[in-house]
Amino acid sequence: MLSKPPFKLKTLVLSLALTPMALNSLMTVADHADLEELLVVASQDRRQIDVSDTVEITPDSAALLRKAPGANVNGNGPLTGIPQYRGMYGGRINVEVNGTTLSAGGPNWMDPPLSYAPAAQLDSLEVYRGIAPVSAGQETIGGAINAKTWSGEFSDGDEFVSSGRVRIGGQSVNDGSLASAAIVAANRQHRFKVSALTEQADDAEFADGKIIPSEYDRQRYDIGYGFQRDGHTLQIDFGRNETNDSGTAALPMDIGYIDTDLGSVRYQLEHNNWSVSGKIYYSNIEHGMTNYELRQAPMMESMWRRNIATGDNLGFKVLAESTDEHGSWRFGVDGHGEEHNANIDNPNAPMFFVTAFNDAQRDVLGVFAERSYTLNKQWLGEFGLRYNRVTMDADEIDGTPAMMMPVGAALRDNFNNAERQHIDDNVDWVAKFYYQADQRSSYYMGVARKSRSASYQERYLWIPLQATGGLADGRTYTGNLELDPEVAHEFELGVDYQHGGLQFSPRIFYRDVSDYIQGTESNDMTAVMFVNMMNMMNGTSNAVPLQFNNVDATFYGADMDWSYTIDERWSVNGIVNYVRAKRDDVSDDLYRIAPLNGMVAVNYTENNWSLAVESVLYAAQEKISATNSEEKTSGYGLLNVKGYWQMNSEWRLGFGVDNVLDKKYQDHLAGYNRAVNPDISVGDRLPGYGRNLFARIDYQW
């Protein structure tokens, strides 16, 4: 139990009980209408990555995002991929796993939300294309992603019927192995599920050596029960995620363990053309990390560090939906609270400690309304309005540096004596218009205002550290108690065209962001003096610390997915992405932005087998951030081959080779090496994986 719950339980329960009744009074029940246009829009607004067609055995679900236009991934480790969409990443993208919001337990996002939906257990991975609707999540300034794991279906009869999925696989680049199983027993009213997963790997190889450390070890266990009757559905789920020794060479520490308990209760009532749903969820995360176990330990024992962090999440959402002759209404209220602690010590010096975060809380309570309206047979509009109240607070902190050094004491006292509670009132709105010109083509325009308040790291990091939510730029940062919310105004245009075997959907976008939160060179002389003294004492050469501040920024670009079916056996498909992100207050580009990139695949399908040859192309990235000491990267191209053999209705063999030519390359989003390694210098950008042969067997019934 939390010492200071993110939400008062009584308030939460009352909200869940009263909101459906209040929303029901607003709804008018009308005859069901033909809403074919709405279905078309749904396919335009979202890109559902067909995980059933994938044959890879990647442990990181975020890696699959590269299959969606506009999406990419910041890779800090094999289990630590942070989604990027049109230049924004991390907490700016709302990620839901099985309908629940997860906040990473570690201050450096070693456990980003998608890490709680292992790729081997995915049933679907959905990316909202462009501007996300207000119903997609509380803070969607950078987009929204939904990940769902497989849970089976209710059957049609009274007798229990079993179904399941089993997967076993391996790969050569890191001697990785995977075993996953999920079993469901269900009849028309009851559904029981149990699942388990284990996956391990050693350090990964590249053309000139190994990436040390890049090993991983993860287990996952889940149980669930579902009930349905007369339009009522109840679902209860519990899970346990255990990540053990796993490398994160782009970060100052590696994962020792991440032990996470997750739970949720969901209810839905459907009646004629309206429905009401509600859910309550929680997660408790304990996370240990070190800089001396998986990587070579610092030569000076005084530099050994261990960080024990905890993160607790509690949230709810109530949603009411109805349809009428013109479209649909959605009303909702949602809340998400998180509380974080992080304590750093040194096993060689029992008296040393730093309380990096002490009961740092961030609570968001939101309410929204959304309307889809069919103007006529050709025009459709979608409009949404959301209000969020963000409340933040943190308790007092302390640490050995504050007890031993006057400059450390000044940092501590300035923080402890300041007003740390902060409240933001944020308003988002969305307006989209769709025009169906003919059976072949439709046009789209969207405008929106989106907002995001500071993370707990950006506001409450009191002493220069690299606990930055996975930025991985090697710089130390301090927070800023006076940060204003980010506010983005976005405009988007698009076309969806389909004729014969040809299909393409280009989008162009422009996003202006006021008060964008970015690290800038600190003007706090106390923090600067602290870093200089640490450099003298430890023989290090850390640069001047950065402080999170509000600046202005602009994002613009274009992305497109396309395909062409040549005949019943041959087809080609691809993706093109381009984004430019820069600051407006100074002449500088933003940090860790994907360069122009694309993919082209040639596919051949014959009865029960298929083969694809894929070319992945990335341009050089020369638009880099001087503020973050970012380095340029060269362009590269990779050749991949993959396929499958559908042996029968139950068994399928997937196989392939990534990086067939064993090319040495550097992914601009991969981060910089922070670990001593004979094959990679400290500070060099991490290389991409070398040639990788993989295979897996899937069995489902």
# chains A, B, ... in the order shown; residues from 1 in each chain; ligands from 1
call {"tool": "residues_around", "arguments": {"residues": "stretch 419-436 of chain A", "least_positions_apart": "2", "cutoff": "6 Å", "atoms": "only C-alpha atoms", "output": "list in words"}}
result
Gln378, Trp379, Leu380, Gly381, Glu382, Phe383, Gly384, Leu385, Arg386, Tyr387, Asn388, Arg389, Val390, Thr391, Met392, Asp393, Asp438, Ser442, Tyr443, Tyr444, Met445, Gly446, Val447, Ala448, Arg449 and Lys450 of chain A
call {"tool": "residues_around", "arguments": {"residues": "stretch 640-644 of chain A", "least_positions_apart": "3", "cutoff": "12 Å", "atoms": "only C-alpha atoms", "output": "JSON, numbers by chain"}}
result
{"A": [52, 53, 54, 55, 56, 57, 599, 600, 601, 602, 603, 604, 605, 606, 607, 608, 609, 610, 611, 612, 613, 614, 615, 616, 617, 637, 647, 648, 651, 652, 653, 654, 655, 656, 657, 658, 659, 660, 661, 662, 663, 690, 691, 692, 693, 694, 695, 696, 697, 698]}
call {"tool": "residues_around", "arguments": {"residues": "A:Ile280", "least_positions_apart": "4", "cutoff": "9 Å", "atoms": "only C-alpha atoms", "output": "PyMOL selection string"}}
result
chain A and resi 16+100+263-266+314-317
call {"tool": "select_by_dssp", "arguments": {"residues": "stretch 514-574 of chain A", "states": "helix (DSSP H, G or I)", "output": "PyMOL selection string"}}
result
chain A and resi 525-538
call {"tool": "residues_around", "arguments": {"residues": "A:Phe227", "least_positions_apart": "4", "cutoff": "6 Å", "atoms": "only C-alpha atoms", "output": "ChimeraX atom specification"}}
result
/A:189-190,233-234
call {"tool": "write_last_selection", "arguments": {"atoms": "N, CA, C and O atoms", "output": "PDB file, in the first residue's frame"}}
result
ATOM      1  N   GLN A 189     -19.968 -18.320 -21.027  1.00  0.00           N
ATOM      2  CA  GLN A 189     -20.015 -17.354 -19.926  1.00  0.00           C
ATOM      3  C   GLN A 189     -18.690 -17.164 -19.203  1.00  0.00           C
ATOM      4  O   GLN A 189     -18.444 -16.082 -18.663  1.00  0.00           O
ATOM      5  N   HIS A 190     -17.853 -18.156 -19.172  1.00  0.00           N
ATOM      6  CA  HIS A 190     -16.635 -18.100 -18.371  1.00  0.00           C
ATOM      7  C   HIS A 190     -15.406 -18.305 -19.258  1.00  0.00           C
ATOM      8  O   HIS A 190     -15.428 -19.080 -20.218  1.00  0.00           O
ATOM      9  N   THR A 233     -19.905  -7.774 -19.275  1.00  0.00           N
ATOM     10  CA  THR A 233     -18.616  -8.461 -19.349  1.00  0.00           C
ATOM     11  C   THR A 233     -17.731  -7.983 -18.211  1.00  0.00           C
ATOM     12  O   THR A 233     -17.583  -6.775 -17.989  1.00  0.00           O
ATOM     13  N   LEU A 234     -17.156  -8.934 -17.493  1.00  0.00           N
ATOM     14  CA  LEU A 234     -16.235  -8.635 -16.405  1.00  0.00           C
ATOM     15  C   LEU A 234     -14.927  -9.364 -16.673  1.00  0.00           C
ATOM     16  O   LEU A 234     -14.937 -10.555 -17.012  1.00  0.00           O
TER      17      LEU A 234
END
call {"tool": "select_by_dssp", "arguments": {"residues": "stretch 134-227 of chain A", "states": "strand (DSSP E or B)", "output": "number ranges by chain"}}
result
A: 144-149, 161-171, 176-186, 190-201, 205-206, 209-210, 216-227
call {"tool": "closest_residue", "arguments": {"among": "A:Gly247, A:Pro112, A:Gly75, A:Pro59", "to": "A:Thr198", "atoms": "only C-alpha atoms"}}
result
A:Pro59
call {"tool": "closest_residue", "arguments": {"among": "A:Asp50, A:Asp334, A:Asp484, A:Glu631", "to": "A:Gly366", "atoms": "only C-alpha atoms"}}
result
A:Asp334
call {"tool": "atom_distance", "arguments": {"atom1": "atom CA of A:Pro298", "atom2": "atom CA of A:Leu686"}}
result
20.0 Å
call {"tool": "residues_around", "arguments": {"residues": "A:Val576", "least_positions_apart": "4", "cutoff": "12 Å", "atoms": "only C-alpha atoms", "output": "count of residues only"}}
result
31
call {"tool": "residues_around", "arguments": {"residues": "A:Ser322", "least_positions_apart": "5", "cutoff": "6 Å", "atoms": "only C-alpha atoms", "output": "NGL selection string"}}
result
:A and (273-274 or 328-329)
call {"tool": "write_last_selection", "arguments": {"atoms": "all heavy atoms", "output": "mmCIF file, in the first residue's frame"}}
result
data_model
loop_
_atom_site.group_PDB
_atom_site.id
_atom_site.type_symbol
_atom_site.label_atom_id
_atom_site.label_comp_id
_atom_site.auth_asym_id
_atom_site.auth_seq_id
_atom_site.Cartn_x
_atom_site.Cartn_y
_atom_site.Cartn_z
ATOM 1 N N ASN A 273 -27.534 0.368 -28.900
ATOM 2 C CA ASN A 273 -26.504 1.173 -29.553
ATOM 3 C C ASN A 273 -25.709 2.020 -28.556
ATOM 4 O O ASN A 273 -25.202 3.076 -28.902
ATOM 5 C CB ASN A 273 -27.130 2.079 -30.611
ATOM 6 C CG ASN A 273 -28.059 3.105 -29.996
ATOM 7 O OD1 ASN A 273 -28.648 2.866 -28.950
ATOM 8 N ND2 ASN A 273 -28.191 4.245 -30.651
ATOM 9 N N TRP A 274 -25.590 1.579 -27.306
ATOM 10 C CA TRP A 274 -24.754 2.291 -26.362
ATOM 11 C C TRP A 274 -24.035 1.301 -25.446
ATOM 12 O O TRP A 274 -24.428 0.138 -25.305
ATOM 13 C CB TRP A 274 -25.559 3.308 -25.548
ATOM 14 C CG TRP A 274 -26.647 2.725 -24.681
ATOM 15 C CD1 TRP A 274 -27.938 2.523 -25.037
ATOM 16 C CD2 TRP A 274 -26.523 2.270 -23.329
ATOM 17 N NE1 TRP A 274 -28.646 1.976 -23.997
ATOM 18 C CE2 TRP A 274 -27.802 1.823 -22.923
ATOM 19 C CE3 TRP A 274 -25.489 2.229 -22.418
ATOM 20 C CZ2 TRP A 274 -28.039 1.319 -21.653
ATOM 21 C CZ3 TRP A 274 -25.718 1.729 -21.141
ATOM 22 C CH2 TRP A 274 -26.992 1.277 -20.778
ATOM 23 N N SER A 328 -21.454 9.020 -33.643
ATOM 24 C CA SER A 328 -21.287 8.468 -32.303
ATOM 25 C C SER A 328 -20.817 9.550 -31.337
ATOM 26 O O SER A 328 -20.214 10.553 -31.721
ATOM 27 C CB SER A 328 -20.272 7.316 -32.314
ATOM 28 O OG SER A 328 -18.983 7.790 -32.643
ATOM 29 N N TRP A 329 -21.117 9.311 -30.047
ATOM 30 C CA TRP A 329 -20.662 10.136 -28.940
ATOM 31 C C TRP A 329 -19.790 9.287 -28.027
ATOM 32 O O TRP A 329 -20.043 8.103 -27.841
ATOM 33 C CB TRP A 329 -21.831 10.674 -28.121
ATOM 34 C CG TRP A 329 -22.562 11.837 -28.712
ATOM 35 C CD1 TRP A 329 -23.741 11.823 -29.391
ATOM 36 C CD2 TRP A 329 -22.160 13.206 -28.637
ATOM 37 N NE1 TRP A 329 -24.107 13.095 -29.759
ATOM 38 C CE2 TRP A 329 -23.150 13.975 -29.302
ATOM 39 C CE3 TRP A 329 -21.058 13.874 -28.074
ATOM 40 C CZ2 TRP A 329 -23.070 15.354 -29.425
ATOM 41 C CZ3 TRP A 329 -20.978 15.245 -28.191
ATOM 42 C CH2 TRP A 329 -21.983 15.979 -28.862
#
call {"tool": "atom_distance", "arguments": {"atom1": "atom CA of A:Gly683", "atom2": "atom CA of A:Ile517"}}
result
24.9 Å
call {"tool": "residues_around", "arguments": {"residues": "A:Val544", "least_positions_apart": "6", "cutoff": "9 Å", "atoms": "only C-alpha atoms", "output": "list of chain:residue names"}}
result
A:Arg475, A:Thr476, A:Glu521, A:Ser522, A:Ala527, A:Val528, A:Val531, A:Asn532
call {"tool": "closest_residue", "arguments": {"among": "A:Tyr373, A:Gly137, A:Ser103, A:Gly142", "to": "A:Tyr89", "atoms": "only C-alpha atoms"}}
result
A:Gly142
call {"tool": "closest_residue", "arguments": {"among": "A:Pro350, A:Gly501, A:Gly81, A:Gly90", "to": "A:Pro118", "atoms": "only C-alpha atoms"}}
result
A:Gly81
call {"tool": "decode", "arguments": {"residues": "stretch 537-549 of chain A", "atoms": "all heavy atoms", "output": "tab-separated table (two decimals), in the first residue's frame"}}
result
chain	number	residue	atom	x	y	z
A	537	MET	N	37.38	15.81	-7.68
A	537	MET	CA	37.50	14.76	-6.67
A	537	MET	C	37.65	13.38	-7.30
A	537	MET	O	38.39	12.52	-6.78
A	537	MET	CB	36.29	14.78	-5.75
A	537	MET	CG	36.19	16.00	-4.86
A	537	MET	SD	34.65	16.05	-3.91
A	537	MET	CE	34.76	14.52	-2.99
A	538	ASN	N	36.95	13.13	-8.42
A	538	ASN	CA	36.88	11.78	-9.00
A	538	ASN	C	37.69	11.62	-10.27
A	538	ASN	O	37.73	10.53	-10.84
A	538	ASN	CB	35.42	11.41	-9.28
A	538	ASN	CG	34.58	11.41	-8.03
A	538	ASN	OD1	35.00	10.93	-6.98
A	538	ASN	ND2	33.37	11.97	-8.13
A	539	GLY	N	38.33	12.70	-10.72
A	539	GLY	CA	39.11	12.61	-11.95
A	539	GLY	C	38.26	12.45	-13.19
A	539	GLY	O	38.73	11.92	-14.21
A	540	THR	N	37.00	12.89	-13.13
A	540	THR	CA	36.10	12.81	-14.28
A	540	THR	C	36.11	14.12	-15.06
A	540	THR	O	36.72	15.11	-14.64
A	540	THR	CB	34.67	12.48	-13.82
A	540	THR	OG1	34.27	13.44	-12.83
A	540	THR	CG2	34.61	11.10	-13.20
A	541	SER	N	35.41	14.12	-16.18
A	541	SER	CA	35.38	15.31	-17.03
A	541	SER	C	33.96	15.58	-17.51
A	541	SER	O	33.73	15.85	-18.69
A	541	SER	CB	36.32	15.16	-18.23
A	541	SER	OG	36.00	13.99	-18.97
A	542	ASN	N	32.99	15.48	-16.61
A	542	ASN	CA	31.60	15.75	-16.98
A	542	ASN	C	31.44	17.20	-17.41
A	542	ASN	O	32.01	18.11	-16.81
A	542	ASN	CB	30.67	15.46	-15.80
A	542	ASN	CG	30.53	13.97	-15.54
A	542	ASN	OD1	30.39	13.18	-16.47
A	542	ASN	ND2	30.60	13.57	-14.28
A	543	ALA	N	30.65	17.40	-18.45
A	543	ALA	CA	30.42	18.74	-18.98
A	543	ALA	C	29.53	19.53	-18.04
A	543	ALA	O	28.98	18.99	-17.05
A	543	ALA	CB	29.78	18.65	-20.36
A	544	VAL	N	29.38	20.81	-18.32
A	544	VAL	CA	28.49	21.67	-17.54
A	544	VAL	C	27.11	21.03	-17.51
A	544	VAL	O	26.61	20.56	-18.54
A	544	VAL	CB	28.42	23.07	-18.17
A	544	VAL	CG1	27.37	23.93	-17.47
A	544	VAL	CG2	29.79	23.74	-18.10
A	545	PRO	N	26.46	20.95	-16.35
A	545	PRO	CA	25.15	20.28	-16.29
A	545	PRO	C	24.10	21.04	-17.09
A	545	PRO	O	24.20	22.26	-17.29
A	545	PRO	CB	24.82	20.30	-14.79
A	545	PRO	CG	25.59	21.45	-14.24
A	545	PRO	CD	26.87	21.49	-15.04
A	546	LEU	N	23.11	20.30	-17.54
A	546	LEU	CA	21.95	20.89	-18.19
A	546	LEU	C	20.81	20.96	-17.18
A	546	LEU	O	20.74	20.16	-16.25
A	546	LEU	CB	21.52	20.06	-19.40
A	546	LEU	CG	22.56	19.84	-20.50
A	546	LEU	CD1	21.96	19.01	-21.64
A	546	LEU	CD2	23.11	21.15	-21.02
A	547	GLN	N	19.92	21.91	-17.39
A	547	GLN	CA	18.72	22.02	-16.58
A	547	GLN	C	17.52	21.95	-17.50
A	547	GLN	O	17.52	22.52	-18.59
A	547	GLN	CB	18.70	23.33	-15.79
A	547	GLN	CG	17.47	23.46	-14.89
A	547	GLN	CD	17.40	24.80	-14.18
A	547	GLN	OE1	17.70	25.83	-14.78
A	547	GLN	NE2	17.02	24.78	-12.91
A	548	PHE	N	16.48	21.24	-17.07
A	548	PHE	CA	15.25	21.20	-17.86
A	548	PHE	C	14.59	22.58	-17.82
A	548	PHE	O	14.28	23.11	-16.76
A	548	PHE	CB	14.30	20.13	-17.31
A	548	PHE	CG	14.76	18.73	-17.59
A	548	PHE	CD1	15.18	17.90	-16.56
A	548	PHE	CD2	14.78	18.23	-18.88
A	548	PHE	CE1	15.60	16.61	-16.80
A	548	PHE	CE2	15.21	16.94	-19.15
A	548	PHE	CZ	15.62	16.12	-18.11
A	549	ASN	N	14.38	23.14	-19.01
A	549	ASN	CA	13.78	24.46	-19.13
A	549	ASN	C	12.76	24.45	-20.27
A	549	ASN	O	12.73	23.53	-21.10
A	549	ASN	CB	14.85	25.52	-19.40
A	549	ASN	CG	15.64	25.87	-18.15
A	549	ASN	OD1	15.07	26.26	-17.13
A	549	ASN	ND2	16.96	25.73	-18.21
